[in-house]
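data.cif follows (mmCIF, C-alpha atoms):
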data_entry
#
loop_
_atom_site.label_atom_id
_atom_site.label_comp_id
_atom_site.auth_asym_id
_atom_site.auth_seq_id
_atom_site.Cartn_x
_atom_site.Cartn_y
_atom_site.Cartn_z
CA MET A 487 -1.01 -22.42 -119.11
CA LYS A 488 2.48 -23.88 -118.66
CA LYS A 489 3.95 -20.72 -120.22
CA LEU A 490 2.03 -18.52 -117.75
CA MET A 491 3.19 -20.63 -114.79
CA LEU A 492 6.80 -20.46 -115.99
CA THR A 493 6.60 -16.67 -116.40
CA ALA A 494 5.19 -16.30 -112.88
CA ALA A 495 7.92 -18.54 -111.46
CA VAL A 496 10.62 -16.51 -113.19
CA SER A 497 9.08 -13.28 -111.89
CA VAL A 498 9.02 -14.56 -108.30
CA ALA A 499 12.60 -15.77 -108.61
CA SER A 500 13.71 -12.37 -109.97
CA VAL A 501 12.11 -10.56 -107.05
CA ALA A 502 13.81 -12.94 -104.62
CA LEU A 503 17.19 -12.38 -106.28
CA VAL A 504 16.77 -8.59 -106.12
CA ALA A 505 15.78 -8.81 -102.46
CA ASN A 506 18.79 -10.98 -101.65
CA ALA A 507 21.07 -8.57 -103.51
CA TYR A 508 19.79 -5.69 -101.44
CA ALA A 509 20.20 -7.57 -98.20
CA ALA A 510 23.76 -8.45 -99.14
CA GLY A 511 24.82 -5.20 -100.75
CA ARG A 512 23.16 -2.09 -99.35
CA SER A 513 21.67 -1.14 -96.00
CA THR A 514 21.62 2.64 -96.48
CA ILE A 515 18.70 4.48 -98.06
CA SER A 516 19.75 6.27 -101.26
CA VAL A 517 18.12 9.64 -101.99
CA VAL A 518 18.81 11.86 -105.04
CA GLY A 519 17.15 14.85 -106.67
CA SER A 520 16.24 18.49 -106.08
CA SER A 521 18.75 20.93 -104.60
CA THR A 522 15.78 22.79 -103.06
CA VAL A 523 14.45 19.75 -101.20
CA TYR A 524 18.01 18.63 -100.37
CA PRO A 525 18.40 20.67 -97.12
CA PHE A 526 15.03 19.45 -95.83
CA ALA A 527 15.82 15.82 -96.65
CA THR A 528 19.27 16.19 -95.06
CA VAL A 529 17.83 17.43 -91.77
CA VAL A 530 15.30 14.58 -91.68
CA ALA A 531 18.03 12.06 -92.53
CA GLU A 532 20.29 13.30 -89.74
CA ARG A 533 17.50 13.11 -87.15
CA PHE A 534 16.42 9.72 -88.46
CA GLY A 535 19.99 8.39 -88.16
CA LYS A 536 20.30 9.59 -84.56
CA LYS A 537 16.95 8.39 -83.25
CA THR A 538 16.76 4.96 -84.92
CA SER A 539 19.03 1.96 -85.33
CA HIS A 540 19.14 2.51 -89.10
CA ALA A 541 22.02 4.06 -91.03
CA THR A 542 21.70 7.75 -91.89
CA PRO A 543 20.32 7.95 -95.46
CA LYS A 544 22.69 9.15 -98.19
CA ILE A 545 21.31 12.36 -99.73
CA GLU A 546 22.68 13.62 -103.07
CA SER A 547 21.80 16.89 -104.83
CA THR A 548 21.44 16.09 -108.54
CA GLY A 549 18.61 18.44 -109.54
CA SER A 550 15.00 17.35 -110.02
CA GLY A 551 15.47 16.27 -113.63
CA GLY A 552 18.71 14.43 -112.92
CA GLY A 553 17.14 12.70 -109.94
CA MET A 554 14.13 11.57 -111.95
CA LYS A 555 16.42 10.14 -114.61
CA LEU A 556 18.33 8.08 -112.04
CA PHE A 557 15.14 7.09 -110.19
CA CYS A 558 13.36 5.90 -113.34
CA ASN A 559 16.29 3.82 -114.62
CA GLY A 560 14.81 0.75 -112.98
CA ILE A 561 14.56 -1.39 -109.86
CA GLY A 562 17.79 -2.65 -108.34
CA LEU A 563 20.75 -2.20 -106.07
CA ASN A 564 22.41 0.43 -108.27
CA THR A 565 19.35 2.72 -108.44
CA PRO A 566 18.10 5.21 -105.80
CA ASP A 567 15.19 4.46 -103.51
CA ILE A 568 13.87 8.02 -103.33
CA THR A 569 14.11 11.14 -105.48
CA ASN A 570 13.35 14.69 -104.35
CA ALA A 571 11.67 17.15 -106.72
CA SER A 572 10.86 20.85 -106.63
CA ARG A 573 8.03 20.19 -109.10
CA ARG A 574 5.63 17.33 -109.72
CA ILE A 575 6.82 14.34 -111.74
CA LYS A 576 6.22 14.85 -115.47
CA GLN A 577 4.00 12.49 -117.46
CA SER A 578 7.00 11.56 -119.62
CA GLU A 579 9.06 10.70 -116.51
CA TYR A 580 6.22 8.63 -115.07
CA GLU A 581 5.95 6.71 -118.35
CA LYS A 582 9.72 6.12 -118.40
CA CYS A 583 9.52 4.75 -114.85
CA GLN A 584 6.70 2.41 -115.85
CA ALA A 585 8.57 1.21 -118.94
CA ASN A 586 11.67 0.46 -116.84
CA GLY A 587 9.80 -1.54 -114.21
CA VAL A 588 9.38 1.21 -111.60
CA LYS A 589 5.67 0.49 -111.38
CA ASP A 590 4.57 1.41 -107.87
CA ILE A 591 5.59 4.93 -106.85
CA ILE A 592 4.59 6.71 -103.66
CA GLU A 593 4.25 10.48 -104.11
CA VAL A 594 4.84 12.65 -101.03
CA HIS A 595 3.88 16.33 -101.21
CA VAL A 596 6.25 17.85 -98.64
CA GLY A 597 4.97 21.44 -98.63
CA PHE A 598 5.59 24.66 -100.54
CA ASP A 599 8.50 26.90 -101.43
CA GLY A 600 8.84 30.28 -103.07
CA ILE A 601 11.42 31.10 -105.73
CA ALA A 602 13.35 34.21 -104.78
CA VAL A 603 14.91 36.63 -107.24
CA ALA A 604 17.50 38.05 -104.88
CA ASN A 605 20.45 40.40 -104.77
CA SER A 606 23.01 41.49 -102.22
CA SER A 607 21.61 43.15 -99.11
CA LYS A 608 24.21 45.87 -99.81
CA ALA A 609 22.39 46.81 -103.03
CA GLN A 610 19.08 48.50 -103.83
CA LYS A 611 16.11 46.15 -103.44
CA LEU A 612 14.39 45.72 -106.78
CA GLU A 613 10.66 45.81 -107.45
CA LEU A 614 9.97 43.62 -110.47
CA THR A 615 7.08 42.11 -112.38
CA ARG A 616 6.96 38.77 -114.15
CA LYS A 617 6.85 40.73 -117.41
CA ASP A 618 10.16 42.39 -116.44
CA LEU A 619 11.69 38.98 -115.75
CA PHE A 620 10.50 37.57 -119.08
CA LEU A 621 11.84 40.54 -121.06
CA ALA A 622 15.16 40.44 -119.20
CA LEU A 623 15.78 36.70 -119.49
CA ALA A 624 13.97 35.25 -122.51
CA LYS A 625 15.97 34.21 -125.55
CA ASP A 626 13.52 35.89 -127.91
CA VAL A 627 11.21 38.78 -127.00
CA PRO A 628 8.54 40.89 -128.69
CA ASN A 629 9.99 43.39 -131.12
CA PRO A 630 10.49 46.77 -129.38
CA ASP A 631 8.94 48.43 -132.45
CA GLY A 632 5.55 47.18 -131.28
CA SER A 633 4.96 44.71 -134.11
CA GLU A 634 3.75 41.20 -133.35
CA THR A 635 7.12 39.67 -134.17
CA LEU A 636 9.94 38.21 -132.12
CA VAL A 637 13.57 39.30 -132.08
CA GLU A 638 16.67 38.05 -130.30
CA ASN A 639 16.72 39.67 -126.86
CA PRO A 640 18.29 43.14 -127.29
CA TYR A 641 18.04 44.26 -123.66
CA LYS A 642 21.33 44.74 -121.82
CA THR A 643 20.28 46.69 -118.70
CA TRP A 644 17.29 46.59 -116.37
CA LYS A 645 16.47 50.14 -117.46
CA ASP A 646 16.22 48.89 -121.05
CA VAL A 647 13.56 46.44 -119.87
CA ASN A 648 11.63 48.95 -117.80
CA PRO A 649 12.49 52.69 -117.49
CA ALA A 650 11.53 52.55 -113.81
CA LEU A 651 14.35 50.08 -113.06
CA PRO A 652 18.00 51.01 -112.37
CA ASN A 653 20.53 51.44 -115.15
CA ILE A 654 22.61 48.38 -114.27
CA GLU A 655 23.58 45.52 -116.54
CA ILE A 656 21.39 42.42 -116.49
CA GLU A 657 23.38 39.67 -114.80
CA VAL A 658 21.37 36.80 -113.35
CA LEU A 659 22.83 33.67 -111.74
CA GLY A 660 20.40 30.80 -111.93
CA PRO A 661 19.92 27.04 -112.04
CA PRO A 662 20.61 24.79 -115.07
CA PRO A 663 17.96 22.98 -117.17
CA THR A 664 18.19 19.85 -114.96
CA SER A 665 16.90 21.82 -111.98
CA GLY A 666 13.30 21.78 -110.79
CA THR A 667 13.82 25.39 -109.74
CA ARG A 668 14.59 26.25 -113.38
CA ASP A 669 11.45 24.40 -114.55
CA ALA A 670 9.28 26.13 -111.97
CA PHE A 671 10.80 29.55 -112.64
CA ALA A 672 10.19 29.15 -116.39
CA GLU A 673 6.57 28.14 -115.82
CA LEU A 674 5.65 30.54 -113.01
CA ALA A 675 7.79 33.63 -113.66
CA MET A 676 8.76 33.71 -117.33
CA GLU A 677 5.55 32.24 -118.73
CA GLY A 678 3.62 34.41 -116.30
CA GLY A 679 5.26 37.46 -117.90
CA CYS A 680 5.08 36.06 -121.42
CA LYS A 681 1.27 35.77 -121.18
CA LYS A 682 1.03 39.53 -120.67
CA PHE A 683 1.43 39.80 -124.44
CA ASP A 684 -1.98 38.80 -125.81
CA TRP A 685 -0.69 37.72 -129.23
CA ILE A 686 1.84 35.36 -127.62
CA LYS A 687 -0.80 34.07 -125.21
CA ALA A 688 -3.00 33.25 -128.22
CA MET A 689 -0.21 31.00 -129.59
CA LYS A 690 -0.93 28.50 -126.84
CA LYS A 691 -4.15 27.49 -128.61
CA THR A 692 -2.69 27.36 -132.13
CA ASP A 693 0.87 26.11 -131.56
CA LYS A 694 1.55 24.99 -128.01
CA SER A 695 5.12 23.94 -128.78
CA ALA A 696 6.03 27.34 -130.22
CA TYR A 697 4.32 29.08 -127.30
CA LYS A 698 6.34 27.09 -124.77
CA SER A 699 9.55 27.73 -126.69
CA VAL A 700 9.00 31.49 -126.62
CA CYS A 701 7.95 31.62 -122.98
CA HIS A 702 10.45 29.16 -121.46
CA ASN A 703 13.69 29.50 -123.43
CA VAL A 704 16.36 31.48 -121.59
CA ARG A 705 18.84 33.79 -123.34
CA GLU A 706 22.26 32.32 -124.14
CA ASP A 707 24.34 35.48 -124.61
CA GLY A 708 25.98 35.37 -121.18
CA LEU A 709 23.60 37.61 -119.23
CA TYR A 710 21.93 34.55 -117.68
CA ILE A 711 24.64 32.46 -116.04
CA GLU A 712 24.00 28.82 -115.17
CA ALA A 713 25.41 28.42 -111.67
CA GLY A 714 24.93 24.69 -111.23
CA GLU A 715 22.88 22.95 -108.56
CA ASN A 716 24.68 24.63 -105.65
CA ASP A 717 22.42 27.43 -104.38
CA ASN A 718 24.95 28.33 -101.70
CA LEU A 719 27.42 29.21 -104.46
CA ILE A 720 24.90 31.68 -105.92
CA VAL A 721 24.52 33.33 -102.51
CA GLN A 722 28.30 33.69 -102.19
CA LYS A 723 28.58 35.28 -105.64
CA LEU A 724 25.76 37.75 -104.93
CA ASP A 725 27.48 38.78 -101.73
CA LYS A 726 30.57 39.70 -103.79
CA ASN A 727 28.71 41.32 -106.70
CA PRO A 728 25.96 43.78 -105.65
CA ASN A 729 24.81 44.30 -109.26
CA ALA A 730 23.98 40.63 -109.90
CA LEU A 731 20.71 38.83 -109.16
CA GLY A 732 20.25 35.17 -108.27
CA ILE A 733 17.40 32.69 -108.52
CA PHE A 734 16.93 30.10 -105.76
CA GLY A 735 14.47 28.70 -103.23
CA PHE A 736 13.02 30.72 -100.34
CA SER A 737 14.72 28.51 -97.77
CA PHE A 738 18.15 29.67 -99.00
CA LEU A 739 17.00 33.28 -98.89
CA GLU A 740 15.82 32.88 -95.30
CA GLN A 741 19.00 31.12 -94.22
CA ASN A 742 21.18 33.85 -95.76
CA ASP A 743 19.15 36.97 -94.98
CA ASP A 744 22.29 38.63 -93.59
CA LYS A 745 23.79 38.54 -97.10
CA VAL A 746 20.93 38.67 -99.60
CA GLN A 747 17.44 40.13 -99.99
CA GLY A 748 14.49 39.03 -102.09
CA SER A 749 13.13 41.31 -104.79
CA VAL A 750 9.51 42.43 -104.52
CA ILE A 751 7.50 40.70 -107.26
CA GLU A 752 4.28 42.46 -108.26
CA GLY A 753 3.99 44.08 -104.87
CA LYS A 754 4.73 40.94 -102.83
CA SER A 755 7.96 40.03 -101.05
CA PRO A 756 8.99 36.38 -100.75
CA GLU A 757 7.93 35.68 -97.16
CA PHE A 758 6.46 32.78 -95.23
CA GLU A 759 2.96 34.31 -95.15
CA THR A 760 2.81 35.36 -98.83
CA ILE A 761 3.99 31.95 -100.04
CA ALA A 762 1.60 30.12 -97.70
CA ASP A 763 -1.43 32.13 -98.84
CA GLY A 764 -0.42 31.99 -102.51
CA SER A 765 -0.17 35.76 -103.01
CA TYR A 766 3.55 35.66 -103.85
CA PRO A 767 3.51 35.01 -107.62
CA ILE A 768 6.49 32.63 -107.84
CA SER A 769 5.73 29.79 -105.45
CA ARG A 770 5.66 26.03 -106.07
CA PRO A 771 5.02 22.66 -104.39
CA LEU A 772 7.83 20.36 -103.23
CA TYR A 773 7.75 16.55 -103.47
CA PHE A 774 9.66 13.35 -103.09
CA TYR A 775 8.98 9.98 -104.72
CA VAL A 776 9.58 6.51 -103.32
CA LYS A 777 9.97 3.12 -105.01
CA LYS A 778 7.54 0.86 -103.20
CA ALA A 779 9.39 -2.19 -104.53
CA HIS A 780 12.47 -1.18 -102.49
CA MET A 781 10.65 -0.87 -99.16
CA ALA A 782 10.81 -4.57 -98.34
CA SER A 783 14.50 -4.79 -99.22
CA ILE A 784 16.21 -1.61 -98.03
CA PRO A 785 15.86 -1.34 -94.25
CA GLY A 786 14.27 1.75 -92.79
CA ILE A 787 12.44 3.31 -95.75
CA ASP A 788 9.06 3.02 -94.05
CA ALA A 789 10.47 4.53 -90.85
CA PHE A 790 12.10 7.35 -92.85
CA LEU A 791 8.74 8.16 -94.45
CA LYS A 792 7.11 8.18 -91.04
CA GLU A 793 9.74 10.64 -89.75
CA PHE A 794 9.54 12.93 -92.80
CA THR A 795 5.72 13.13 -92.71
CA SER A 796 5.47 13.49 -88.93
CA GLU A 797 4.08 16.61 -87.25
CA ALA A 798 7.47 17.00 -85.56
CA ALA A 799 9.04 17.44 -89.02
CA MET A 800 6.50 19.03 -91.38
CA GLY A 801 3.84 20.27 -89.00
CA GLU A 802 3.17 23.98 -88.41
CA ASP A 803 5.76 24.03 -85.62
CA GLY A 804 7.98 21.31 -87.11
CA TYR A 805 11.72 21.49 -87.42
CA LEU A 806 11.51 21.77 -91.23
CA ILE A 807 9.55 25.01 -90.87
CA ASP A 808 12.60 26.48 -89.14
CA LYS A 809 14.56 25.61 -92.30
CA GLY A 810 12.16 27.53 -94.56
CA LEU A 811 9.54 24.94 -95.55
CA ILE A 812 6.00 26.32 -96.01
CA PRO A 813 3.66 23.66 -94.56
CA LEU A 814 0.54 22.06 -95.98
CA SER A 815 -2.75 22.71 -94.21
CA ASP A 816 -3.70 20.53 -91.23
CA SER A 817 -6.18 18.47 -93.28
CA GLU A 818 -3.72 18.07 -96.17
CA ARG A 819 -0.99 16.85 -93.83
CA GLU A 820 -3.35 14.38 -92.20
CA MET A 821 -4.45 12.96 -95.56
CA LEU A 822 -0.86 12.85 -96.85
CA ARG A 823 0.33 11.00 -93.78
CA LYS A 824 -2.51 8.49 -94.02
CA ASN A 825 -1.91 7.78 -97.72
CA THR A 826 1.89 7.66 -97.43
CA LEU A 827 1.99 5.27 -94.50
CA ALA A 828 -0.64 3.09 -96.19
CA GLY A 829 1.63 2.88 -99.25
CA LYS A 830 -0.87 4.45 -101.66
CA THR A 831 0.73 4.61 -105.11
CA LEU A 832 0.64 7.31 -107.74
CA GLN A 833 -1.71 7.03 -110.73
CA MET A 834 -1.31 9.43 -113.68
#
Whole structure given in structure tokens:
Amino acid sequence: MKKLMLTAAVSVASVALVANAYAAGRSTISVVGSSTVYPFATVVAERFGKKTSHATPKIESTGSGGGMKLFCNGIGLNTPDITNASRRIKQSEYEKCQANGVKDIIEVHVGFDGIAVANSSKAQKLELTRKDLFLALAKDVPNPDGSETLVENPYKTWKDVNPALPNIEIEVLGPPPTSGTRDAFAELAMEGGCKKFDWIKAMKKTDKSAYKSVCHNVREDGLYIEAGENDNLIVQKLDKNPNALGIFGFSFLEQNDDKVQGSVIEGKSPEFETIADGSYPISRPLYFYVKKAHMASIPGIDAFLKEFTSEAAMGEDGYLIDKGLIPLSDSEREMLRKNTLAGKTLQM
């Protein structure tokens, strides 16, 4: 009994010390994570800073995976309060958070985004399928001789991939492995194309690890170029090179529609309506995650959540919609707002 009382006392003292450290050392909300959610979070942070007495939150673009790593390192002054993600938190990340003391996490589903496969508006607009994208970008592909074997990707031009496509060299600028956009593109686009081969699809039941390796691994021979977490840099490079394609979120496509155009994917263009109704094949949900333990110590987190989830921000006519966010339905937004402001925590 004495041991239990001592443990409880130590725990309370630790919490008090952390709280005092926060009060003494940091008054600005720290946000890391997805480059796709970054512009939305930045707009909310700027408005929040202007309309409240709190400091404008510090927003850093580290990629979804990088943000999760920082977020799950633990509770304390030197760790972020919030991480943005262009995919849902993985079970392994959730378990790492739990192991490191990040026990109570609030999950906020911001809305939806489409992943554009774009090129310069000066070039021919491409009409692609997910199968085309898999064959163009996978590290290993089905043997062109028709046998149920894999070979190192031999395709050098889009015409090699599909005779209906132009005879230009495959050159795709895309996000690195730490990016949620890369994760989502691998799952939605490449795996979507990979499953078109029945014998590879069957691997999922017999060897899930091998199946994922085939469907998700990107070629490393220089035709897929990792362009970092800066989507604006990809847009600039596409503007200078009409033969290249780039992979990034719909919001960047919409904001740069004078320079770039989205490819048609299986008959659907990346547009607000097609992403909202789910008919555009490469669309994904956007999130951010909050450490509940930090809310009592870092001033303004609760008010920041209220601003981000408000109708003025993420509603159908909200200012984030002007930036390219695809909103949740009315009922989903109402439930999200209720759960977020009540501090409901994530269970996986």
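Evaluated against the shown file, the PyMOL selection byres ((chain A and resi 730) around 10) gives Ala604, Asn605, Ser606, Ala609, Ile654, Glu655, Ile656, Glu657, Val658, Leu659, Leu709, Ile720, Lys723, Leu724, Asp725, Lys726, Asn727, Pro728, Asn729, Leu731 and Gly732 of chain A.
Residues matched by the PyMOL selection byres ((chain A and resi 548-560) around 7) in this file are Val518, Gly519, Ser520, Ser521, Glu546, Ser547, Ile561, Gly562, Thr565, Pro566, Thr569, Asn570, Ala571, Ser572, Glu579, Lys582, Cys583, Asn586, Gly587, Val588, Thr664, Ser665, Gly666 and Glu715 of chain A.
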_Expansion of the PyMOL selection byres ((chain A and resi 636-652) around 12) into residues, as a PyMOL selection string_ = chain A and resi 609-635+653-658+680+683+685-686+696-697+699-701+703-710+729-731
Once you have the residues from the selection above, write them out as a PDB file, keeping the file's coordinate frame, restricted to C-alpha atoms.
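Output file part.pdb is given in full below:
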ATOM      1  CA  ALA A 609      22.390  46.810-103.030  1.00  0.00           C
ATOM      2  CA  GLN A 610      19.080  48.500-103.830  1.00  0.00           C
ATOM      3  CA  LYS A 611      16.110  46.150-103.440  1.00  0.00           C
ATOM      4  CA  LEU A 612      14.390  45.720-106.780  1.00  0.00           C
ATOM      5  CA  GLU A 613      10.660  45.810-107.450  1.00  0.00           C
ATOM      6  CA  LEU A 614       9.970  43.620-110.470  1.00  0.00           C
ATOM      7  CA  THR A 615       7.080  42.110-112.380  1.00  0.00           C
ATOM      8  CA  ARG A 616       6.960  38.770-114.150  1.00  0.00           C
ATOM      9  CA  LYS A 617       6.850  40.730-117.410  1.00  0.00           C
ATOM     10  CA  ASP A 618      10.160  42.390-116.440  1.00  0.00           C
ATOM     11  CA  LEU A 619      11.690  38.980-115.750  1.00  0.00           C
ATOM     12  CA  PHE A 620      10.500  37.570-119.080  1.00  0.00           C
ATOM     13  CA  LEU A 621      11.840  40.540-121.060  1.00  0.00           C
ATOM     14  CA  ALA A 622      15.160  40.440-119.200  1.00  0.00           C
ATOM     15  CA  LEU A 623      15.780  36.700-119.490  1.00  0.00           C
ATOM     16  CA  ALA A 624      13.970  35.250-122.510  1.00  0.00           C
ATOM     17  CA  LYS A 625      15.970  34.210-125.550  1.00  0.00           C
ATOM     18  CA  ASP A 626      13.520  35.890-127.910  1.00  0.00           C
ATOM     19  CA  VAL A 627      11.210  38.780-127.000  1.00  0.00           C
ATOM     20  CA  PRO A 628       8.540  40.890-128.690  1.00  0.00           C
ATOM     21  CA  ASN A 629       9.990  43.390-131.120  1.00  0.00           C
ATOM     22  CA  PRO A 630      10.490  46.770-129.380  1.00  0.00           C
ATOM     23  CA  ASP A 631       8.940  48.430-132.450  1.00  0.00           C
ATOM     24  CA  GLY A 632       5.550  47.180-131.280  1.00  0.00           C
ATOM     25  CA  SER A 633       4.960  44.710-134.110  1.00  0.00           C
ATOM     26  CA  GLU A 634       3.750  41.200-133.350  1.00  0.00           C
ATOM     27  CA  THR A 635       7.120  39.670-134.170  1.00  0.00           C
ATOM     28  CA  ASN A 653      20.530  51.440-115.150  1.00  0.00           C
ATOM     29  CA  ILE A 654      22.610  48.380-114.270  1.00  0.00           C
ATOM     30  CA  GLU A 655      23.580  45.520-116.540  1.00  0.00           C
ATOM     31  CA  ILE A 656      21.390  42.420-116.490  1.00  0.00           C
ATOM     32  CA  GLU A 657      23.380  39.670-114.800  1.00  0.00           C
ATOM     33  CA  VAL A 658      21.370  36.800-113.350  1.00  0.00           C
ATOM     34  CA  CYS A 680       5.080  36.060-121.420  1.00  0.00           C
ATOM     35  CA  PHE A 683       1.430  39.800-124.440  1.00  0.00           C
ATOM     36  CA  TRP A 685      -0.690  37.720-129.230  1.00  0.00           C
ATOM     37  CA  ILE A 686       1.840  35.360-127.620  1.00  0.00           C
ATOM     38  CA  ALA A 696       6.030  27.340-130.220  1.00  0.00           C
ATOM     39  CA  TYR A 697       4.320  29.080-127.300  1.00  0.00           C
ATOM     40  CA  SER A 699       9.550  27.730-126.690  1.00  0.00           C
ATOM     41  CA  VAL A 700       9.000  31.490-126.620  1.00  0.00           C
ATOM     42  CA  CYS A 701       7.950  31.620-122.980  1.00  0.00           C
ATOM     43  CA  ASN A 703      13.690  29.500-123.430  1.00  0.00           C
ATOM     44  CA  VAL A 704      16.360  31.480-121.590  1.00  0.00           C
ATOM     45  CA  ARG A 705      18.840  33.790-123.340  1.00  0.00           C
ATOM     46  CA  GLU A 706      22.260  32.320-124.140  1.00  0.00           C
ATOM     47  CA  ASP A 707      24.340  35.480-124.610  1.00  0.00           C
ATOM     48  CA  GLY A 708      25.980  35.370-121.180  1.00  0.00           C
ATOM     49  CA  LEU A 709      23.600  37.610-119.230  1.00  0.00           C
ATOM     50  CA  TYR A 710      21.930  34.550-117.680  1.00  0.00           C
ATOM     51  CA  ASN A 729      24.810  44.300-109.260  1.00  0.00           C
ATOM     52  CA  ALA A 730      23.980  40.630-109.900  1.00  0.00           C
ATOM     53  CA  LEU A 731      20.710  38.830-109.160  1.00  0.00           C
TER      54      LEU A 731
END
Can you pull out the residues contacting Glu593 (chain A)? Cut-off 9 Å, using only C-alpha atoms, and skip same-chain residues under 4 positions away; I want them as an mmCIF file with C-alpha atoms, keeping the file's coordinate frame.
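Result file is selection_12.cif:
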data_model
loop_
_atom_site.group_PDB
_atom_site.id
_atom_site.type_symbol
_atom_site.label_atom_id
_atom_site.label_comp_id
_atom_site.auth_asym_id
_atom_site.auth_seq_id
_atom_site.Cartn_x
_atom_site.Cartn_y
_atom_site.Cartn_z
ATOM 1 C CA ARG A 574 5.630 17.330 -109.720
ATOM 2 C CA ILE A 575 6.820 14.340 -111.740
ATOM 3 C CA TYR A 773 7.750 16.550 -103.470
ATOM 4 C CA PHE A 774 9.660 13.350 -103.090
ATOM 5 C CA TYR A 775 8.980 9.980 -104.720
ATOM 6 C CA VAL A 776 9.580 6.510 -103.320
ATOM 7 C CA THR A 826 1.890 7.660 -97.430
ATOM 8 C CA LYS A 830 -0.870 4.450 -101.660
ATOM 9 C CA THR A 831 0.730 4.610 -105.110
ATOM 10 C CA LEU A 832 0.640 7.310 -107.740
#
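Proximity of A:Pro543, A:Asp684, A:Ile592, A:Thr514 to Thr528 (chain A), computed with only C-alpha atoms, is greatest for A:Pro543.
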*Excluding same-chain residues fewer than 2 positions from region 790-795 of chain A, what lies within 7 Å of it counting all atoms listed in the file, as a list in words?*
Val530, Phe534, Gly786, Ile787, Asp788, Glu797, Ala799, Met800, Arg823 and Leu827 of chain A
What are the closest atom pairs, with distances in Å to one decimal, for all residues of region 641-718 of chain A lying within 12 Å of region 736-740 of chain A? Consider all atoms listed in the file, order rows by chain and residue number, and present the result as a Markdown table.
| residue | atom | partner | partner_atom | distance |
| --- | --- | --- | --- | --- |
| A:Thr667 | CA | A:Phe736 | CA | 10.8 |
| A:Asn716 | CA | A:Phe738 | CA | 10.6 |
| A:Asp717 | CA | A:Phe738 | CA | 7.2 |
| A:Asn718 | CA | A:Phe738 | CA | 7.4 |
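The interatomic distance for the pair CA of Val523 (chain A) and CA of Lys608 (chain A) works out to 27.9 Å.
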*Distance of CA of Arg668 (chain A) from CA of Gly764 (chain A), expressed in Å to one decimal place*: 19.4 Å
_I'd like the neighbourhood of Ile812 (chain A) as a list of chain:residue names, where a residue qualifies if any of its atoms comes within 7 Å (using all atoms listed in the file), though same-chain residues fewer than 6 positions away should be ignored._
A:Gly597, A:Phe598, A:Asp599, A:Phe758, A:Ala762
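Atom pair CA of Lys681 (chain A) / CA of Ile711 (chain A): separated by 24.2 Å.
The nearest approach to Gly735 (chain A) among the residues A:Ser769, A:Ser749, A:Ser513, A:Ser695, with only C-alpha atoms taken into account, belongs to A:Ser769.
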